[in-house]
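**Q** You'll find my_file-v1.csv just under this line, and it carries CSV, C-alpha atoms and all ligand atoms.
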```
chain,number,residue,atom,x,y,z
A,1018,MET,CA,8.0,-6.8,-12.6
A,1019,ASN,CA,7.9,-4.9,-15.8
A,1020,THR,CA,6.5,-6.3,-19.1
A,1021,THR,CA,5.9,-5.1,-22.6
A,1022,CYS,CA,2.5,-5.4,-24.4
A,1023,ASN,CA,0.4,-3.4,-26.7
A,1024,PHE,CA,0.7,0.2,-25.6
A,1025,ASP,CA,-1.7,2.0,-28.1
A,1026,ILE,CA,-4.1,3.0,-25.4
A,1027,PRO,CA,-1.6,4.4,-22.9
A,1028,ARG,CA,0.2,6.2,-25.7
A,1029,LYS,CA,-3.1,7.9,-26.8
A,1030,ILE,CA,-4.0,8.8,-23.2
A,1031,PHE,CA,-0.5,10.0,-22.4
A,1032,ASP,CA,-0.8,12.6,-25.2
A,1033,LEU,CA,-3.7,14.2,-23.2
A,1034,PHE,CA,-1.3,15.1,-20.3
A,1035,CYS,CA,1.1,18.0,-20.1
A,1036,CYS,CA,4.3,16.0,-20.6
A,1037,GLU,CA,7.4,17.1,-22.5
A,1038,GLY,CA,9.2,15.3,-25.3
A,1039,GLU,CA,8.3,12.3,-27.5
A,1040,ILE,CA,7.8,8.9,-26.1
A,1041,THR,CA,10.9,6.7,-26.4
A,1042,ASP,CA,9.9,3.8,-24.1
A,1043,ILE,CA,6.9,2.4,-22.3
A,1044,THR,CA,6.8,-0.5,-19.9
A,1045,LYS,CA,4.0,-1.9,-17.8
A,1046,ASN,CA,4.7,-2.2,-14.1
A,1047,ASN,CA,2.8,-5.2,-12.7
A,1048,SER,CA,3.5,-4.9,-9.0
A,1049,GLY,CA,0.2,-3.3,-7.8
A,1050,ASN,CA,-2.9,-5.4,-7.2
A,1051,ILE,CA,-5.4,-2.8,-8.2
A,1052,ASN,CA,-4.5,-0.1,-10.8
A,1053,GLN,CA,-2.8,-0.5,-14.2
A,1054,THR,CA,0.6,1.2,-14.2
A,1055,TYR,CA,2.8,2.3,-17.1
A,1056,ILE,CA,6.2,3.8,-16.9
A,1057,ILE,CA,6.8,6.2,-19.8
A,1058,THR,CA,10.1,7.7,-20.9
A,1059,THR,CA,10.3,10.7,-23.2
A,1060,HIS,CA,13.2,12.6,-24.9
A,1061,ASP,CA,12.9,16.1,-26.2
A,1062,LYS,CA,14.8,17.6,-29.2
A,1063,GLN,CA,17.7,18.6,-27.0
A,1064,GLY,CA,18.0,14.9,-25.9
A,1065,THR,CA,16.7,15.6,-22.3
A,1066,LYS,CA,15.2,12.5,-20.8
A,1067,ARG,CA,12.0,12.6,-18.7
A,1068,MET,CA,10.0,9.9,-17.0
A,1069,TYR,CA,6.4,9.7,-16.0
A,1070,THR,CA,4.0,7.2,-14.3
A,1071,LEU,CA,0.7,6.9,-16.1
A,1072,GLN,CA,-2.0,4.9,-14.3
A,1073,GLN,CA,-5.5,3.7,-15.1
A,1074,VAL,CA,-7.4,3.8,-11.8
A,1075,ASN,CA,-9.5,0.7,-11.0
A,1076,THR,CA,-12.9,2.1,-10.5
A,1077,TYR,CA,-14.3,-1.1,-9.0
A,1078,ALA,CA,-11.9,-0.6,-6.0
A,1079,PHE,CA,-12.2,3.2,-6.0
A,1080,SER,CA,-15.8,4.0,-6.8
A,1081,GLU,CA,-15.1,7.8,-6.4
A,1082,PRO,CA,-11.8,8.2,-8.1
A,1083,ALA,CA,-12.1,12.0,-8.4
A,1084,LYS,CA,-12.1,12.2,-4.6
A,1085,VAL,CA,-9.0,10.0,-4.5
A,1086,MET,CA,-7.3,12.5,-6.8
A,1087,GLU,CA,-8.5,15.5,-4.7
A,1088,ASN,CA,-7.0,13.9,-1.6
A,1089,ILE,CA,-3.7,13.2,-3.5
A,1090,ALA,CA,-3.5,16.8,-4.7
A,1091,LYS,CA,-3.9,18.1,-1.2
A,1092,VAL,CA,-1.5,15.6,0.3
A,1093,THR,CA,1.2,16.1,-2.3
A,1094,ASP,CA,1.1,19.9,-2.1
A,1095,TYR,CA,1.4,19.6,1.7
A,1096,LEU,CA,4.2,17.0,1.6
A,1097,CYS,CA,6.2,19.0,-1.0
A,1098,GLU,CA,6.1,22.1,1.2
A,1099,LYS,CA,7.1,20.1,4.3
A,1100,TYR,CA,9.9,18.2,2.5
A,1101,THR,CA,11.3,21.4,1.0
A,1102,LYS,CA,11.6,22.8,4.5
A,1103,LEU,CA,13.1,19.6,5.8
A,1104,TYR,CA,15.5,18.7,3.0
A,1105,GLY,CA,15.9,21.9,1.0
A,1106,SER,CA,14.2,20.4,-2.0
A,1107,ALA,CA,11.3,18.0,-2.5
A,1108,ASP,CA,12.4,17.0,-5.9
A,1109,ARG,CA,13.0,13.3,-5.2
A,1110,ARG,CA,11.0,13.2,-2.0
A,1111,CYS,CA,7.5,13.7,-3.3
A,1112,LEU,CA,5.1,12.6,-6.1
A,1113,ARG,CA,3.7,15.4,-8.2
A,1114,ILE,CA,0.6,15.2,-10.2
A,1115,VAL,CA,1.0,16.0,-13.9
A,1116,ARG,CA,-2.1,17.8,-15.1
A,1117,THR,CA,-3.9,17.2,-18.4
A,1118,LYS,CA,-3.5,19.7,-21.2
A,1119,THR,CA,-6.9,21.2,-20.1
A,1120,GLY,CA,-5.6,21.7,-16.6
A,1121,GLU,CA,-7.3,18.8,-14.8
A,1122,ILE,CA,-5.7,16.5,-12.3
A,1123,TYR,CA,-7.1,13.4,-14.1
A,1124,HIS,CA,-8.6,12.4,-17.4
A,1125,ASN,CA,-11.9,10.5,-17.3
A,1126,ASN,CA,-14.6,9.6,-19.8
A,1127,GLU,CA,-16.7,6.5,-20.3
A,1128,GLN,CA,-14.7,5.2,-23.2
A,1129,ASP,CA,-11.2,5.6,-21.9
A,1130,GLY,CA,-11.8,5.1,-18.2
A,1131,PHE,CA,-10.1,7.1,-15.4
A,1132,TRP,CA,-6.4,8.0,-15.9
A,1133,ARG,CA,-3.8,10.1,-14.1
A,1134,CYS,CA,-0.2,10.9,-14.4
A,1135,PHE,CA,2.7,11.6,-12.0
A,1136,ASN,CA,6.4,12.5,-12.3
A,1137,TYR,CA,8.5,9.3,-12.1
A,1138,ILE,CA,11.4,9.3,-9.7
A,1139,ASP,CA,14.3,7.9,-11.7
A,1140,ARG,CA,17.3,5.9,-10.2
A,1141,ALA,CA,15.1,4.7,-7.3
A,1142,LYS,CA,13.0,1.5,-6.9
A,1143,GLY,CA,10.2,0.1,-4.9
A,1144,TYR,CA,11.2,-3.5,-4.0
A,1145,ASP,CA,8.7,-6.4,-3.8
A,1146,LYS,CA,11.1,-8.2,-1.5
A,1147,VAL,CA,13.8,-7.1,0.9
A,1148,GLU,CA,17.1,-7.4,-1.1
A,1149,LYS,CA,19.4,-5.5,1.2
A,1150,LEU,CA,18.6,-5.6,4.9
A,1151,ASP,CA,19.2,-1.9,5.4
A,1152,HIS,CA,16.4,-1.1,3.0
A,1153,PHE,CA,13.9,-2.4,5.4
A,1154,TYR,CA,15.3,-0.4,8.2
A,1155,MET,CA,15.2,2.6,5.9
A,1156,ALA,CA,11.6,1.8,5.0
A,1157,GLY,CA,10.7,1.8,8.7
A,1158,ARG,CA,12.2,5.2,9.1
A,1159,ALA,CA,10.4,6.5,5.9
A,1160,PHE,CA,7.0,5.3,7.0
A,1161,GLY,CA,7.5,6.6,10.5
A,1162,GLU,CA,8.6,10.0,9.1
A,1163,PHE,CA,5.6,10.0,6.8
A,1164,GLN,CA,3.2,9.9,9.8
A,1165,LYS,CA,5.1,12.5,11.6
A,1166,VAL,CA,5.1,14.9,8.7
A,1167,LEU,CA,1.4,14.4,8.3
A,1168,ALA,CA,0.7,15.0,12.0
A,1169,ASP,CA,-0.7,18.4,11.6
A,1170,PHE,CA,-2.5,17.8,8.3
A,1171,ASP,CA,-6.2,18.4,8.9
A,1172,ALA,CA,-7.9,15.0,8.6
A,1173,SER,CA,-11.3,16.6,7.9
A,1174,GLU,CA,-9.9,17.8,4.6
A,1175,LEU,CA,-9.7,14.3,3.3
A,1176,TYR,CA,-12.5,12.2,1.8
A,1177,GLU,CA,-12.7,8.7,3.2
A,1178,THR,CA,-12.5,7.2,-0.3
A,1179,ILE,CA,-12.9,3.6,0.8
A,1180,PRO,CA,-15.1,3.7,3.9
A,1181,ASN,CA,-14.0,1.4,6.8
A,1182,PHE,CA,-10.9,0.5,4.8
A,1183,HIS,CA,-9.1,-0.9,7.9
A,1184,ASN,CA,-12.1,-1.6,10.0
A,1185,THR,CA,-11.2,-5.2,10.6
A,1186,PRO,CA,-14.5,-6.3,12.3
A,1187,LYS,CA,-16.3,-5.0,9.2
A,1188,ARG,CA,-13.9,-6.9,6.9
A,1189,LEU,CA,-14.8,-10.1,8.8
A,1190,GLU,CA,-18.5,-9.3,8.5
A,1191,ALA,CA,-17.9,-8.9,4.7
A,1192,LEU,CA,-16.3,-12.3,4.7
A,1193,LYS,CA,-19.3,-13.8,6.4
A,1194,ARG,CA,-21.6,-12.2,3.8
A,1195,ALA,CA,-19.4,-13.6,1.0
A,1196,VAL,CA,-19.6,-17.1,2.6
A,1197,GLU,CA,-23.4,-16.8,2.7
A,1198,GLN,CA,-23.7,-15.5,-0.8
A,1199,ASN,CA,-21.1,-18.0,-2.1
A,1200,LYS,CA,-21.2,-16.3,-5.5
A,1201,ALA,CA,-18.5,-18.4,-7.1
A,1202,GLY,CA,-19.6,-21.7,-5.5
A,1203,ARG,CA,-16.3,-22.0,-3.7
A,1204,ALA,CA,-17.3,-21.8,0.0
A,1205,LYS,CA,-17.3,-25.5,0.7
A,1206,SER,CA,-13.7,-25.9,-0.5
A,1207,VAL,CA,-12.3,-23.3,1.9
A,1208,GLN,CA,-14.1,-24.2,5.1
A,1209,GLU,CA,-10.8,-24.6,7.0
A,1210,GLU,CA,-9.7,-21.1,6.1
A,1211,ILE,CA,-13.0,-19.6,7.0
A,1212,ASP,CA,-13.0,-21.3,10.4
A,1213,PHE,CA,-9.4,-20.2,11.0
A,1214,ILE,CA,-10.2,-16.6,10.5
A,1215,LEU,CA,-13.5,-16.5,12.3
A,1216,SER,CA,-12.1,-18.3,15.4
A,1217,ARG,CA,-9.8,-15.2,15.8
A,1218,GLU,CA,-12.6,-12.6,15.5
A,1219,SER,CA,-12.2,-11.3,19.0
A,1220,LYS,CA,-8.5,-10.6,18.8
A,1221,ALA,CA,-8.9,-9.2,15.3
A,1222,GLY,CA,-11.4,-6.6,16.6
A,1223,LYS,CA,-9.2,-5.1,19.3
A,1224,ILE,CA,-7.6,-2.3,17.4
A,1225,GLN,CA,-10.9,-1.1,16.0
A,1226,HIS,CA,-12.3,-1.2,19.6
A,1227,MET,CA,-9.3,0.8,20.9
A,1228,LEU,CA,-9.9,3.4,18.2
A,1229,GLU,CA,-13.6,3.6,19.0
A,1230,THR,CA,-13.0,4.0,22.7
A,1231,GLY,CA,-10.2,6.6,22.1
A,1232,GLU,CA,-7.4,4.4,23.6
A,1233,ILE,CA,-5.5,5.1,20.4
A,1234,PRO,CA,-6.1,8.1,18.2
A,1235,LEU,CA,-7.2,8.5,14.6
A,1236,ARG,CA,-4.4,10.0,12.5
A,1237,VAL,CA,-3.8,10.7,8.8
A,1238,THR,CA,-2.0,7.6,7.7
A,1239,HIS,CA,-0.9,5.9,4.5
A,1240,ASN,CA,-2.9,2.7,4.9
A,1241,ASP,CA,-1.0,0.7,2.3
A,1242,THR,CA,2.6,0.5,3.6
A,1243,LYS,CA,4.0,-2.3,1.5
A,1244,LEU,CA,7.7,-2.2,1.0
A,1245,ASN,CA,7.2,-1.5,-2.7
A,1246,ASN,CA,5.4,1.7,-1.8
A,1247,VAL,CA,8.6,3.3,-0.7
A,1248,LEU,CA,11.3,4.2,-3.2
A,1249,ILE,CA,14.9,3.4,-2.4
A,1250,ASP,CA,17.5,5.5,-4.0
A,1251,ASP,CA,19.8,3.4,-6.3
A,1252,ASP,CA,22.9,5.3,-5.4
A,1253,THR,CA,22.5,6.0,-1.7
A,1254,ASP,CA,20.2,3.1,-0.6
A,1255,GLU,CA,18.2,5.7,1.3
A,1256,ALA,CA,14.4,5.5,1.4
A,1257,ILE,CA,13.5,8.8,-0.3
A,1258,CYS,CA,9.9,8.8,-1.2
A,1259,VAL,CA,6.6,7.2,0.0
A,1260,ILE,CA,4.4,6.5,-3.0
A,1261,ASP,CA,0.9,5.1,-3.8
A,1262,LEU,CA,-1.1,7.8,-2.0
A,1263,ASP,CA,-4.4,6.4,-3.0
A,1264,THR,CA,-5.4,5.4,0.5
A,1265,VAL,CA,-4.0,8.3,2.5
A,1266,MET,CA,-6.9,9.1,4.8
A,1267,PRO,CA,-7.8,8.8,8.5
A,1268,GLY,CA,-6.4,5.6,10.0
A,1269,THR,CA,-4.2,4.2,12.7
A,1270,SER,CA,-0.4,4.3,13.0
A,1271,VAL,CA,-0.4,0.7,14.3
A,1272,ILE,CA,-2.0,-0.6,11.1
A,1273,ASP,CA,0.6,1.2,9.0
A,1274,PHE,CA,3.3,-0.4,11.0
A,1275,GLY,CA,1.6,-3.7,10.8
A,1276,ASP,CA,1.0,-3.7,7.1
A,1277,ALA,CA,4.6,-3.1,6.4
A,1278,VAL,CA,5.6,-6.0,8.6
A,1279,ARG,CA,3.0,-8.3,7.1
A,1280,PHE,CA,4.4,-7.7,3.6
A,1281,GLY,CA,8.1,-7.0,4.2
A,1282,ALA,CA,9.1,-9.2,7.1
A,1283,SER,CA,7.7,-12.3,5.4
A,1284,THR,CA,10.3,-14.7,3.9
A,1285,GLY,CA,7.9,-15.4,1.0
A,1286,ALA,CA,5.9,-13.3,-1.4
A,1287,GLU,CA,2.3,-12.4,-0.6
A,1288,ASP,CA,1.3,-15.0,-3.3
A,1289,GLU,CA,3.9,-17.7,-2.6
A,1290,PRO,CA,2.2,-21.0,-3.2
A,1291,ASP,CA,4.8,-23.0,-1.3
A,1292,LEU,CA,3.9,-22.3,2.4
A,1293,SER,CA,7.1,-23.8,3.6
A,1294,LYS,CA,8.8,-20.7,2.2
A,1295,VAL,CA,6.6,-18.3,4.2
A,1296,SER,CA,7.5,-17.4,7.7
A,1297,LEU,CA,7.9,-14.2,9.8
A,1298,ASP,CA,11.6,-13.2,9.8
A,1299,LEU,CA,12.2,-11.7,13.2
A,1300,ASN,CA,15.5,-10.2,12.0
A,1301,LEU,CA,13.6,-8.3,9.4
A,1302,TYR,CA,10.8,-7.4,11.8
A,1303,GLU,CA,13.4,-6.0,14.2
A,1304,LEU,CA,15.0,-3.9,11.5
A,1305,PHE,CA,11.7,-2.3,10.5
A,1306,THR,CA,10.8,-1.8,14.1
A,1307,LYS,CA,14.1,-0.1,14.9
A,1308,GLY,CA,13.6,2.3,11.9
A,1309,PHE,CA,9.9,3.0,12.6
A,1310,VAL,CA,10.0,3.2,16.4
A,1311,GLY,CA,13.1,5.3,16.2
A,1312,GLU,CA,11.2,7.9,14.1
A,1313,VAL,CA,7.9,7.9,16.1
A,1314,THR,CA,9.1,7.8,19.7
A,1315,GLY,CA,7.8,10.8,21.5
A,1316,PHE,CA,5.2,11.3,18.8
A,1317,LEU,CA,3.1,8.2,19.0
A,1318,THR,CA,1.5,7.5,22.4
A,1319,GLU,CA,2.9,4.7,24.5
A,1320,THR,CA,-0.3,2.7,23.9
A,1321,GLU,CA,0.2,3.0,20.2
A,1322,ILE,CA,3.8,1.8,20.4
A,1323,ASP,CA,2.8,-1.1,22.7
A,1324,SER,CA,0.1,-2.1,20.2
A,1325,LEU,CA,2.4,-2.3,17.2
A,1326,PRO,CA,2.6,-6.1,17.2
A,1327,LEU,CA,-1.2,-6.3,17.5
A,1328,GLY,CA,-1.3,-4.0,14.4
A,1329,ALA,CA,0.7,-6.5,12.5
A,1330,TYR,CA,-1.5,-9.4,13.6
A,1331,THR,CA,-4.7,-7.6,12.9
A,1332,VAL,CA,-3.9,-6.4,9.4
A,1333,THR,CA,-2.6,-9.8,8.4
A,1334,LEU,CA,-5.8,-11.4,9.5
A,1335,GLU,CA,-7.7,-8.6,7.8
A,1336,LEU,CA,-5.9,-9.2,4.5
A,1337,ALA,CA,-6.6,-12.9,4.7
A,1338,SER,CA,-10.3,-12.2,5.1
A,1339,ARG,CA,-10.2,-9.7,2.2
A,1340,PHE,CA,-8.4,-12.1,-0.1
A,1341,LEU,CA,-10.8,-14.9,0.9
A,1342,ALA,CA,-13.9,-12.8,0.5
A,1343,ASP,CA,-12.7,-11.9,-3.0
A,1344,TYR,CA,-12.0,-15.6,-3.8
A,1345,LEU,CA,-15.6,-16.4,-2.7
A,1346,ASP,CA,-17.0,-13.6,-4.8
A,1347,GLY,CA,-15.2,-14.8,-7.9
A,1348,ASP,CA,-12.1,-12.6,-7.9
A,1349,LEU,CA,-13.7,-9.2,-8.6
A,1350,TYR,CA,-11.4,-6.9,-6.6
A,1351,PHE,CA,-7.7,-7.9,-6.6
A,1352,LYS,CA,-5.9,-8.6,-9.9
A,1353,THR,CA,-5.3,-12.3,-10.4
A,1354,THR,CA,-2.8,-13.9,-12.7
A,1355,MET,CA,-2.9,-17.6,-11.7
A,1356,PRO,CA,-5.6,-20.1,-10.8
A,1357,ASP,CA,-6.8,-19.7,-7.2
A,1358,HIS,CA,-4.6,-16.6,-6.8
A,1359,ASN,CA,-6.7,-15.1,-4.0
A,1360,LEU,CA,-6.8,-18.4,-2.2
A,1361,ILE,CA,-3.0,-18.7,-2.4
A,1362,ARG,CA,-2.8,-15.1,-1.0
A,1363,THR,CA,-5.2,-16.1,1.8
A,1364,ARG,CA,-3.1,-19.0,2.8
A,1365,THR,CA,0.2,-17.0,3.0
A,1366,GLN,CA,-1.5,-14.6,5.3
A,1367,LEU,CA,-2.9,-17.4,7.5
A,1368,LYS,CA,0.6,-18.9,7.7
A,1369,LEU,CA,1.9,-15.5,8.8
A,1370,VAL,CA,-0.8,-15.2,11.4
A,1371,LYS,CA,0.3,-18.6,12.8
A,1372,GLU,CA,3.9,-17.4,12.8
A,1373,MET,CA,3.0,-14.3,14.7
A,1374,GLU,CA,1.1,-16.3,17.2
A,1375,SER,CA,4.2,-18.5,17.9
A,1376,LYS,CA,6.6,-15.5,17.9
A,1377,TRP,CA,4.3,-13.2,19.8
A,1378,ASP,CA,6.5,-12.7,22.8
A,1379,ALA,CA,9.5,-11.9,20.7
A,1380,MET,CA,7.6,-9.4,18.6
A,1381,ASN,CA,6.6,-7.6,21.8
A,1382,GLU,CA,10.0,-7.7,23.3
A,1383,ILE,CA,11.5,-6.2,20.1
A,1384,VAL,CA,9.1,-3.3,20.2
A,1385,GLN,CA,9.9,-2.7,23.9
A,1386,LYS,CA,13.6,-2.7,23.2
A,1387,TYR,CA,13.4,0.2,20.8
A,1388,LYS,CA,10.9,2.4,22.5
B,1,LIG,C1,-3.8,-3.5,-2.8
B,1,LIG,O1,-2.8,-2.0,-5.3
B,1,LIG,P1,-1.9,-2.2,-4.1
B,1,LIG,O2,-1.0,-3.4,-4.4
B,1,LIG,O3,-1.1,-1.1,-3.8
B,1,LIG,C2,-4.8,-3.0,-1.8
B,1,LIG,C3,-4.2,-3.0,-0.4
B,1,LIG,C4,-3.7,-4.4,0.0
B,1,LIG,C5,-2.7,-4.9,-1.1
B,1,LIG,C6,-2.3,-6.3,-0.9
B,1,LIG,C7,-6.9,0.0,-2.5
B,1,LIG,O4,-2.8,-2.6,-2.8
B,1,LIG,O5,-5.2,-2.6,0.6
B,1,LIG,O6,-3.1,-4.4,1.2
B,1,LIG,O7,-3.3,-4.8,-2.4
B,1,LIG,N1,-5.3,-1.7,-2.1
B,1,LIG,C8,-6.6,-1.4,-2.1
B,1,LIG,O8,-1.2,-6.5,-1.7
B,1,LIG,O9,-7.5,-2.2,-1.8
B,2,MG,MG,-2.2,0.8,-3.2
```
Any chance you could give the structure as structure tokens?
**A**
Amino acid sequence: MNTTCNFDIPRKIFDLFCCEGEITDITKNNSGNINQTYIITTHDKQGTKRMYTLQQVNTYAFSEPAKVMENIAKVTDYLCEKYTKLYGSADRRCLRIVRTKTGEIYHNNEQDGFWRCFNYIDRAKGYDKVEKLDHFYMAGRAFGEFQKVLADFDASELYETIPNFHNTPKRLEALKRAVEQNKAGRAKSVQEEIDFILSRESKAGKIQHMLETGEIPLRVTHNDTKLNNVLIDDDTDEAICVIDLDTVMPGTSVIDFGDAVRFGASTGAEDEPDLSKVSLDLNLYELFTKGFVGEVTGFLTETEIDSLPLGAYTVTLELASRFLADYLDGDLYFKTTMPDHNLIRTRTQLKLVKEMESKWDAMNEIVQKYK
């Protein structure tokens, strides 16, 4: 969703970056839950159009944003080299950081906040909802390929910018702390949701346990594989570029698979208030699985592939506990635009968890069919 508003600040900040031409259009992109994103179009004297993404990074979520940018700089350099080898050109395949006029990879000061700029890939979109079935299959392939391409990237080069980001047991512990602290005085009203999550604590901890015992490996993963984080080419309907590299860091492939399913295979939006509209669409699940497993077979271990459904289940419960903890804290982390927004998000996730429980056998059979 794009909106117009007062753009004096992004205009002023944009001028600090090495961009060409004069601004001819600015829109705000409201689809992310954390950062503020502006799409800026410029034209130069010859009439050449260029587009950029300017973002203000949320420093509540990312307490060390400079490290986030150092990670992104390394990963984008690496990906561009790889994609150039694979496709002949990385032009529409890879985000590139646009530096400031003083040569930095971000602009940061107390008054303005923390800003960065990327090239914008035109004639391609990140979708909040599957509009054409094939897009979700393509997204599965793109996220699978992303992992494969990063397979020999040295994980020790990356900062863990949000420690324990997908450590589900720690997320559940944080929920318990939020219940105890009850900062916003909301705990009593959500006892049912708290009980629902905590009664599933043991299954929710399995993936982390498998990581700790070495049953599944730590890899360099994306960690935020929502459908809207892959750009689909307007002309070819191909998934061309994985975006939002803020959380690329050590993680597990099964959570990347799972997060994409959690978001994209749901029949409702992540914040759909009418739960009757929220279910797990097995047809969509199968399309994503076919794309993803097709790419990673022979690269992921058999245990990882067998654990993909558990990845979906785990990350859905994890997001429920994160949204609920933020609701209890008084909505400090995720952007909210309607009353009880984080509670609504919690409930969609819990509906999906129930759906996965009832469709568990089918979810497993589908993974086995494509491996
Ligand atoms: C946040 O900002 P966005 O929308 O890309 C969050 C993810 C959640 C997601 C839920 C750094 O991602 O972990 O899965 O919201 N990112 C961070 O929509 O916390
Ligand atoms: Mg993100």
**Q** Throw together the list of residues within 8 Å of ligand LIG 1 (chain B), counting all atoms listed in the file, and drop it here as a list in words.
**A** Ser1048, Gly1049, Asn1050, Ile1051, Asn1052, Ala1078, Phe1079, Ile1179, Phe1182, Asn1240, Asp1241, Thr1242, Lys1243, Asn1246, Asp1261, Asp1263, Thr1264, Asp1276, Phe1280, Glu1287, Leu1336, Tyr1350 and Phe1351 of chain A
**Q** Provide the CA of Glu1335 (chain A) to CA of Arg1188 (chain A) distance in Å, to one decimal place.
**A**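 Rounded to one decimal, the two atoms are 6.5 Å apart.
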**Q** With distances taken over all atoms listed in the file, which of A:Val1085, A:Leu1175, A:Ile1040, A:Val1310 is nearest to ligand MG 2 (chain B)?
**A**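 Going through A:Val1085, A:Leu1175, A:Ile1040, A:Val1310 one by one, the smallest distance to ligand MG 2 (chain B) is for A:Val1085.
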**Q** Could you list, as a list in words, every residue within 8 Å of Arg1362 (chain A), counting only C-alpha atoms and ignoring same-chain residues fewer than 3 positions away?
**A**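 Listing them by chain and then by number gives Glu1287, Asp1288, Glu1289, Ala1337, Phe1340, His1358, Asn1359, Thr1365 and Gln1366 of chain A.
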**Q** Could you check the closest approach to ligand MG 2 (chain B) for each of A:Asn1075, A:Asn1300, A:Thr1320, A:Thr1119 and tell me which residue wins, using all atoms listed in the file?
**A**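 Of all the options, A:Asn1075 lies closest to ligand MG 2 (chain B).
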**Q** If we count all atoms listed in the file, what is near region 1132-1147 of chain A at a cut-off of 6 Å, once residues fewer than 2 positions away on the same chain are taken out, given as a compact mmCIF listing (two decimals) with C-alpha atoms, in the coordinates of the input?
**A**
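Ended up saving to part.txt:
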```txt
# COMPACT_ATOMS: atom_id res chain seq x y z
CA MET A 1068 10.00 9.90 -17.00
CA TYR A 1069 6.40 9.70 -16.00
CA THR A 1070 4.00 7.20 -14.30
CA LEU A 1071 0.70 6.90 -16.10
CA GLN A 1072 -2.00 4.90 -14.30
CA GLN A 1073 -5.50 3.70 -15.10
CA VAL A 1074 -7.40 3.80 -11.80
CA ARG A 1113 3.70 15.40 -8.20
CA ILE A 1114 0.60 15.20 -10.20
CA VAL A 1115 1.00 16.00 -13.90
CA TYR A 1123 -7.10 13.40 -14.10
CA HIS A 1124 -8.60 12.40 -17.40
CA LYS A 1149 19.40 -5.50 1.20
CA ASN A 1245 7.20 -1.50 -2.70
CA ASN A 1246 5.40 1.70 -1.80
CA VAL A 1247 8.60 3.30 -0.70
CA LEU A 1248 11.30 4.20 -3.20
CA ILE A 1249 14.90 3.40 -2.40
CA ASP A 1250 17.50 5.50 -4.00
CA ASP A 1251 19.80 3.40 -6.30
```
**Q** So how far away is CA of Cys1097 (chain A) from CA of Gly1161 (chain A), in Å?
**A**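 Pair CA of Gly1161 (chain A) / CA of Cys1097 (chain A) returns 17.0 Å.
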**Q** What is the CA of Ala1172 (chain A) to CA of Gly1222 (chain A) distance in Å?
**A**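 If I compute the distance from CA of Ala1172 (chain A) to CA of Gly1222 (chain A), I get 23.3 Å.
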**Q** Compile the contact shell of Glu1174 (chain A) as a PyMOL selection string: residues with an atom at most 10 Å away, counting only C-alpha atoms, same-chain residues fewer than 5 positions apart removed.
**A** chain A and resi 1087-1088+1091-1092+1266
**Q** Let me make sure I understand: among A:Ala1156, A:Val1265, A:Leu1367, A:Ala1379, which one has the smallest atom-to-atom distance to Asp1212 (chain A) if we use all atoms listed in the file?
**A**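 Comparing A:Ala1156, A:Val1265, A:Leu1367, A:Ala1379 against Asp1212 (chain A), the winner is A:Leu1367.
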